[in-house]
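Asker: Dropping in query_12.pdb, with PDB, C-alpha atoms.
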ATOM      1  CA  MET F  18      79.476 116.838 -66.281
ATOM      2  CA  ARG F  19      80.567 113.522 -64.776
ATOM      3  CA  ASP F  20      82.888 113.918 -61.774
ATOM      4  CA  ASP F  21      85.511 111.603 -63.245
ATOM      5  CA  LEU F  22      85.837 113.855 -66.330
ATOM      6  CA  ALA F  23      86.283 117.096 -64.361
ATOM      7  CA  PRO F  24      90.131 116.893 -64.151
ATOM      8  CA  LEU F  25      90.375 116.287 -67.891
ATOM      9  CA  ALA F  26      88.122 119.240 -68.662
ATOM     10  CA  ALA F  27      90.058 121.440 -66.219
ATOM     11  CA  GLY F  28      93.345 120.479 -67.884
ATOM     12  CA  ARG F  29      91.996 121.313 -71.317
ATOM     13  CA  GLN F  30      90.660 124.630 -70.061
ATOM     14  CA  SER F  31      93.953 125.608 -68.416
ATOM     15  CA  TYR F  32      95.803 124.702 -71.631
ATOM     16  CA  ALA F  33      93.334 126.789 -73.640
ATOM     17  CA  ASP F  34      93.822 129.680 -71.199
ATOM     18  CA  ALA F  35      97.613 129.447 -71.581
ATOM     19  CA  ARG F  36      97.325 129.360 -75.392
ATOM     20  CA  SER F  37      95.048 132.400 -75.434
ATOM     21  CA  GLU F  38      97.440 134.220 -73.065
ATOM     22  CA  ALA F  39     100.330 133.488 -75.425
ATOM     23  CA  VAL F  40      98.319 134.896 -78.339
ATOM     24  CA  LYS F  41      97.470 138.048 -76.353
ATOM     25  CA  ASN F  42     101.152 138.640 -75.586
ATOM     26  CA  PRO F  43     103.052 138.096 -78.865
ATOM     27  CA  ARG F  44     106.388 138.942 -77.227
ATOM     28  CA  GLY F  45     106.077 135.736 -75.233
ATOM     29  CA  PRO F  46     105.746 135.003 -71.539
ATOM     30  CA  THR F  47     106.924 137.627 -69.045
ATOM     31  CA  TRP F  48     109.836 135.393 -67.919
ATOM     32  CA  LEU F  49     111.246 135.111 -71.456
ATOM     33  CA  SER F  50     113.677 138.035 -71.089
ATOM     34  CA  ASP F  51     115.143 136.400 -67.952
ATOM     35  CA  GLY F  52     114.843 132.826 -69.199
ATOM     36  CA  HIS F  53     117.731 130.522 -69.982
ATOM     37  CA  ARG F  54     118.430 130.291 -73.725
ATOM     38  CA  TYR F  55     119.276 126.969 -75.376
ATOM     39  CA  TYR F  56     119.453 125.489 -78.822
ATOM     40  CA  SER F  57     119.626 121.948 -80.150
ATOM     41  CA  GLN F  58     121.488 120.945 -83.275
ATOM     42  CA  ILE F  59     121.324 117.719 -85.309
ATOM     43  CA  GLY F  60     123.704 116.619 -88.040
ATOM     44  CA  PRO F  61     122.373 115.719 -91.508
ATOM     45  CA  GLU F  62     122.280 111.923 -90.950
ATOM     46  CA  SER F  63     119.660 110.122 -88.850
ATOM     47  CA  THR F  64     122.414 108.549 -86.723
ATOM     48  CA  ASP F  65     124.141 111.889 -86.058
ATOM     49  CA  PRO F  66     124.114 113.044 -82.445
ATOM     50  CA  VAL F  67     121.815 115.702 -81.060
ATOM     51  CA  ARG F  68     123.567 118.327 -78.987
ATOM     52  CA  VAL F  69     122.032 120.945 -76.716
ATOM     53  CA  PHE F  70     123.990 124.105 -76.007
ATOM     54  CA  SER F  71     123.358 126.893 -73.535
ATOM     55  CA  ALA F  72     123.438 130.107 -75.516
ATOM     56  CA  GLY F  73     123.868 132.341 -72.460
ATOM     57  CA  ASP F  74     123.603 136.060 -73.125
ATOM     58  CA  GLU F  75     125.969 136.036 -76.080
ATOM     59  CA  GLU F  76     125.422 135.445 -79.761
ATOM     60  CA  VAL F  77     126.439 131.952 -80.834
ATOM     61  CA  SER F  78     128.347 130.945 -83.948
ATOM     62  CA  ASN F  79     130.268 127.975 -85.322
ATOM     63  CA  GLU F  80     133.375 129.338 -83.610
ATOM     64  CA  LYS F  81     131.544 130.059 -80.325
ATOM     65  CA  PRO F  82     128.696 127.528 -80.087
ATOM     66  CA  GLY F  83     127.930 128.132 -76.418
ATOM     67  CA  THR F  84     128.238 125.642 -73.565
ATOM     68  CA  LEU F  85     127.426 121.999 -74.283
ATOM     69  CA  CYS F  86     124.753 120.689 -71.894
ATOM     70  CA  VAL F  87     123.296 117.492 -73.376
ATOM     71  CA  HIS F  88     124.521 115.007 -75.959
ATOM     72  CA  LEU F  89     122.201 112.326 -77.422
ATOM     73  CA  GLU F  90     123.614 109.457 -79.469
ATOM     74  CA  PRO F  91     120.990 107.580 -81.498
ATOM     75  CA  ALA F  92     121.402 103.835 -82.021
ATOM     76  CA  SER F  93     119.100 101.388 -83.799
ATOM     77  CA  ARG F  94     116.690 100.683 -80.901
ATOM     78  CA  PHE F  95     117.550 103.327 -78.312
ATOM     79  CA  VAL F  96     119.146 106.721 -77.735
ATOM     80  CA  ARG F  97     122.027 107.172 -75.275
ATOM     81  CA  VAL F  98     121.986 110.326 -73.134
ATOM     82  CA  PHE F  99     125.201 111.994 -71.963
ATOM     83  CA  ASP F 100     125.951 115.185 -70.095
ATOM     84  CA  ALA F 101     128.574 117.749 -71.128
ATOM     85  CA  ASP F 102     131.349 115.674 -69.521
ATOM     86  CA  ARG F 103     130.241 112.582 -71.493
ATOM     87  CA  GLN F 104     128.958 110.946 -68.313
ATOM     88  CA  ASP F 105     126.196 108.424 -68.984
ATOM     89  CA  ARG F 106     122.839 109.894 -67.917
ATOM     90  CA  GLY F 107     120.556 107.189 -69.309
ATOM     91  CA  ILE F 108     118.968 105.471 -72.274
ATOM     92  CA  ILE F 109     115.710 106.385 -74.028
ATOM     93  CA  ARG F 110     113.635 103.539 -75.510
ATOM     94  CA  SER F 111     110.182 103.046 -76.923
ATOM     95  CA  GLU F 112     107.954 101.147 -74.496
ATOM     96  CA  GLY F 113     104.342 100.131 -74.348
ATOM     97  CA  LEU F 114     101.752  98.427 -76.493
ATOM     98  CA  ARG F 115     101.330 101.236 -78.981
ATOM     99  CA  PRO F 116     104.418 101.500 -81.184
ATOM    100  CA  LEU F 117     106.126 104.881 -81.118
ATOM    101  CA  GLY F 118     103.624 106.233 -78.607
ATOM    102  CA  ARG F 119     105.582 106.151 -75.365
ATOM    103  CA  TYR F 120     109.271 106.621 -74.601
ATOM    104  CA  VAL F 121     111.028 106.041 -71.311
ATOM    105  CA  MET F 122     114.372 107.422 -70.196
ATOM    106  CA  ARG F 123     116.062 105.197 -67.644
ATOM    107  CA  LEU F 124     119.312 105.425 -65.747
ATOM    108  CA  ASN F 125     120.246 101.842 -64.922
ATOM    109  CA  THR F 126     116.810 100.469 -63.933
ATOM    110  CA  GLU F 127     115.363 103.699 -62.526
ATOM    111  CA  VAL F 128     112.826 105.650 -64.590
ATOM    112  CA  VAL F 129     113.964 109.247 -65.163
ATOM    113  CA  TRP F 130     110.942 110.303 -67.226
ATOM    114  CA  VAL F 131     108.165 109.011 -69.475
ATOM    115  CA  LEU F 132     107.289 110.878 -72.674
ATOM    116  CA  SER F 133     103.925 110.103 -74.299
ATOM    117  CA  VAL F 134     102.664 111.139 -77.710
ATOM    118  CA  ARG F 135      99.239 112.714 -77.152
ATOM    119  CA  SER F 136      98.041 113.392 -80.702
ATOM    120  CA  ILE F 137      97.645 111.377 -83.881
ATOM    121  CA  VAL F 138      99.794 113.820 -85.852
ATOM    122  CA  ARG F 139     102.540 113.624 -83.190
ATOM    123  CA  LYS F 140     102.349 117.333 -82.349
ATOM    124  CA  ARG F 141     101.373 117.142 -78.650
ATOM    125  CA  HIS F 142     103.461 115.308 -76.039
ATOM    126  CA  THR F 143     103.338 114.866 -72.262
ATOM    127  CA  LEU F 144     106.474 114.483 -70.142
ATOM    128  CA  TRP F 145     106.115 112.784 -66.762
ATOM    129  CA  PRO F 146     109.416 113.225 -64.875
ATOM    130  CA  ALA F 147     110.135 110.892 -61.945
ATOM    131  CA  VAL F 148     110.845 114.067 -59.949
ATOM    132  CA  GLY F 149     109.189 117.375 -60.761
ATOM    133  CA  ASP F 150     106.137 118.692 -62.566
ATOM    134  CA  ARG F 151     104.373 117.282 -65.617
ATOM    135  CA  TRP F 152     105.075 119.089 -68.885
ATOM    136  CA  THR F 153     102.977 119.364 -72.042
ATOM    137  CA  PHE F 154     104.899 120.083 -75.246
ATOM    138  CA  ASP F 155     103.755 121.181 -78.690
ATOM    139  CA  THR F 156     106.191 120.502 -81.518
ATOM    140  CA  PRO F 157     106.205 121.965 -85.048
ATOM    141  CA  PHE F 158     103.464 121.056 -87.484
ATOM    142  CA  PHE F 159     103.449 122.342 -91.087
ATOM    143  CA  TRP F 160     103.225 126.159 -90.882
ATOM    144  CA  TRP F 161     103.442 126.247 -87.051
ATOM    145  CA  GLN F 162     107.248 126.256 -86.696
ATOM    146  CA  TYR F 163     107.491 126.665 -82.938
ATOM    147  CA  VAL F 164     108.121 124.522 -79.876
ATOM    148  CA  ALA F 165     106.243 125.267 -76.666
ATOM    149  CA  GLY F 166     106.081 123.721 -73.225
ATOM    150  CA  THR F 167     103.664 124.306 -70.388
ATOM    151  CA  VAL F 168     103.590 123.252 -66.740
ATOM    152  CA  ASP F 169     100.169 123.311 -65.099
ATOM    153  CA  GLY F 170      98.886 125.254 -68.106
ATOM    154  CA  ARG F 171     101.496 127.995 -67.679
ATOM    155  CA  PRO F 172     103.957 128.609 -70.542
ATOM    156  CA  SER F 173     107.407 127.564 -69.313
ATOM    157  CA  LEU F 174     109.292 126.918 -72.562
ATOM    158  CA  ALA F 175     109.030 128.858 -75.807
ATOM    159  CA  GLY F 176     111.064 128.473 -78.951
ATOM    160  CA  LYS F 177     111.313 128.512 -82.698
ATOM    161  CA  ILE F 178     112.660 126.312 -85.469
ATOM    162  CA  GLY F 179     115.389 127.593 -87.716
ATOM    163  CA  PRO F 180     117.213 128.820 -89.612
ATOM    164  CA  ALA F 181     117.005 125.165 -90.739
ATOM    165  CA  THR F 182     115.028 122.257 -89.291
ATOM    166  CA  MET F 183     118.241 120.888 -87.784
ATOM    167  CA  PHE F 184     118.191 123.799 -85.291
ATOM    168  CA  TRP F 185     115.697 124.468 -82.510
ATOM    169  CA  GLY F 186     116.192 127.470 -80.261
ATOM    170  CA  TRP F 187     114.217 127.965 -77.061
ATOM    171  CA  GLY F 188     114.041 129.733 -73.741
ATOM    172  CA  VAL F 189     113.107 128.033 -70.479
ATOM    173  CA  GLU F 190     111.614 129.656 -67.419
ATOM    174  CA  PRO F 191     114.527 130.017 -64.950
ATOM    175  CA  ASP F 192     113.077 127.831 -62.177
ATOM    176  CA  ARG F 193     112.064 125.074 -64.639
ATOM    177  CA  VAL F 194     115.494 124.309 -66.147
ATOM    178  CA  SER F 195     116.737 120.760 -65.590
ATOM    179  CA  PHE F 196     118.987 118.337 -67.423
ATOM    180  CA  ASP F 197     116.069 115.927 -67.850
ATOM    181  CA  VAL F 198     113.837 118.534 -69.521
ATOM    182  CA  LEU F 199     116.682 119.525 -71.859
ATOM    183  CA  ALA F 200     117.196 115.850 -72.764
ATOM    184  CA  ALA F 201     113.460 115.451 -73.428
ATOM    185  CA  VAL F 202     113.351 118.493 -75.740
ATOM    186  CA  ALA F 203     116.456 117.231 -77.580
ATOM    187  CA  PHE F 204     114.757 113.844 -77.990
ATOM    188  CA  LEU F 205     111.576 115.513 -79.292
ATOM    189  CA  HIS F 206     113.708 117.413 -81.799
ATOM    190  CA  TRP F 207     115.362 114.193 -82.985
ATOM    191  CA  LYS F 208     112.045 112.310 -83.302
ATOM    192  CA  TRP F 209     110.435 115.237 -85.137
ATOM    193  CA  TRP F 210     113.407 115.677 -87.472
ATOM    194  CA  ARG F 211     113.372 111.983 -88.395
ATOM    195  CA  LEU F 212     109.705 112.043 -89.517
TER
END
Written as structure tokens, how would this file's structure read?

Answerer:
Amino acid sequence: MRDDLAPLAAGRQSYADARSEAVKNPRGPTWLSDGHRYYSQIGPESTDPVRVFSAGDEEVSNEKPGTLCVHLEPASRFVRVFDADRQDRGIIRSEGLRPLGRYVMRLNTEVVWVLSVRSIVRKRHTLWPAVGDRWTFDTPFFWWQYVAGTVDGRPSLAGKIGPATMFWGWGVEPDRVSFDVLAAVAFLHWKWWRL
């Protein structure tokens, strides 16, 4: 094998190892019972906001939705990102030569993260945060109604779609939780829901 292709092959192998590990353990990763639980919710219109709530250890309902963490407000050419206190945390826009292939979240002029679509069917995505580790996400595709995220080939986010497509619920490995990752997953949910 050519030396310049070795990192690519290693990345594919580690991803394959993580996938096979997830299949071997159907209850999910070992951290899942201690992980932080979240869910994202989108209204019925394409311009409705996306909100991410922390579910905590309690059951959530319309009366007790959990703690608001992230609020995305879609506009025609960008998505505004706010925290729970409605403080501006950035704007997400499409960038690059390939339309709808790369999204960048910026706060003022600083890049917060870059999210790239890695598959033709828009199922695989890579998140490159300005600070922190690179993530690989898989989003739902036909019968596969799950969302998954890995860091260095290790499962670090696991979730499911439902009871309707406007809801995604997921758990995040405790030491991997960040506002920026939550905003990225909420954005993935919004892009997927709009397809």

Asker: Carefully work through the PyMOL selection byres ((chain F and resi 194) around 12) for this structure and note down the residues it includes, as a JSON list (two decimals) with C-alpha atoms, keeping the file's coordinate frame.

Answerer:
[["chain", "number", "residue", "atom", "x", "y", "z"],
["F", 52, "GLY", "CA", 114.84, 132.83, -69.20],
["F", 53, "HIS", "CA", 117.73, 130.52, -69.98],
["F", 54, "ARG", "CA", 118.43, 130.29, -73.72],
["F", 55, "TYR", "CA", 119.28, 126.97, -75.38],
["F", 71, "SER", "CA", 123.36, 126.89, -73.54],
["F", 86, "CYS", "CA", 124.75, 120.69, -71.89],
["F", 149, "GLY", "CA", 109.19, 117.38, -60.76],
["F", 150, "ASP", "CA", 106.14, 118.69, -62.57],
["F", 152, "TRP", "CA", 105.08, 119.09, -68.89],
["F", 166, "GLY", "CA", 106.08, 123.72, -73.22],
["F", 168, "VAL", "CA", 103.59, 123.25, -66.74],
["F", 173, "SER", "CA", 107.41, 127.56, -69.31],
["F", 174, "LEU", "CA", 109.29, 126.92, -72.56],
["F", 187, "TRP", "CA", 114.22, 127.96, -77.06],
["F", 188, "GLY", "CA", 114.04, 129.73, -73.74],
["F", 189, "VAL", "CA", 113.11, 128.03, -70.48],
["F", 190, "GLU", "CA", 111.61, 129.66, -67.42],
["F", 191, "PRO", "CA", 114.53, 130.02, -64.95],
["F", 192, "ASP", "CA", 113.08, 127.83, -62.18],
["F", 193, "ARG", "CA", 112.06, 125.07, -64.64],
["F", 195, "SER", "CA", 116.74, 120.76, -65.59],
["F", 196, "PHE", "CA", 118.99, 118.34, -67.42],
["F", 197, "ASP", "CA", 116.07, 115.93, -67.85],
["F", 198, "VAL", "CA", 113.84, 118.53, -69.52],
["F", 199, "LEU", "CA", 116.68, 119.52, -71.86],
["F", 200, "ALA", "CA", 117.20, 115.85, -72.76],
["F", 201, "ALA", "CA", 113.46, 115.45, -73.43],
["F", 202, "VAL", "CA", 113.35, 118.49, -75.74]]

Asker: Measure the distance from CA of Asp169 in chain F to CA of Val69 in chain F in Å and round it to one decimal.

Answerer: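 It comes out at 24.9 Å.
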
Asker: Given the file shown, determine the residues that the PyMOL selection byres ((chain F and resi 111) around 12) selects; report them as JSON, numbers by chain.

Answerer: {"F": [93, 94, 95, 96, 108, 109, 110, 112, 113, 114, 115, 116, 117, 118, 119, 120, 121, 122, 123, 131, 132, 133, 134, 204, 208]}

Asker: Which residue, F:Pro61, F:Pro66, F:Gly179, F:Gly186, has the smallest gap to Val87 in chain F when you use all atoms listed in the file?

Answerer: F:Pro66

Asker: Counting only C-alpha atoms, figure out which residue out of F:Arg135, F:Thr153, F:Phe159, F:Glu127 gets nearest to Ala175 in chain F.

Answerer: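 Among the listed residues, F:Thr153 lies closest to Ala175 in chain F.
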
Asker: Could you list, as a list in words, every residue within 8 Å of Ser57 in chain F, counting all atoms listed in the file and ignoring same-chain residues fewer than 5 positions away?

Answerer: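 Those residues are Val67, Arg68, Val69, Phe70, Met183, Phe184, Trp185, Gly186, Ala203 and His206 of chain F.
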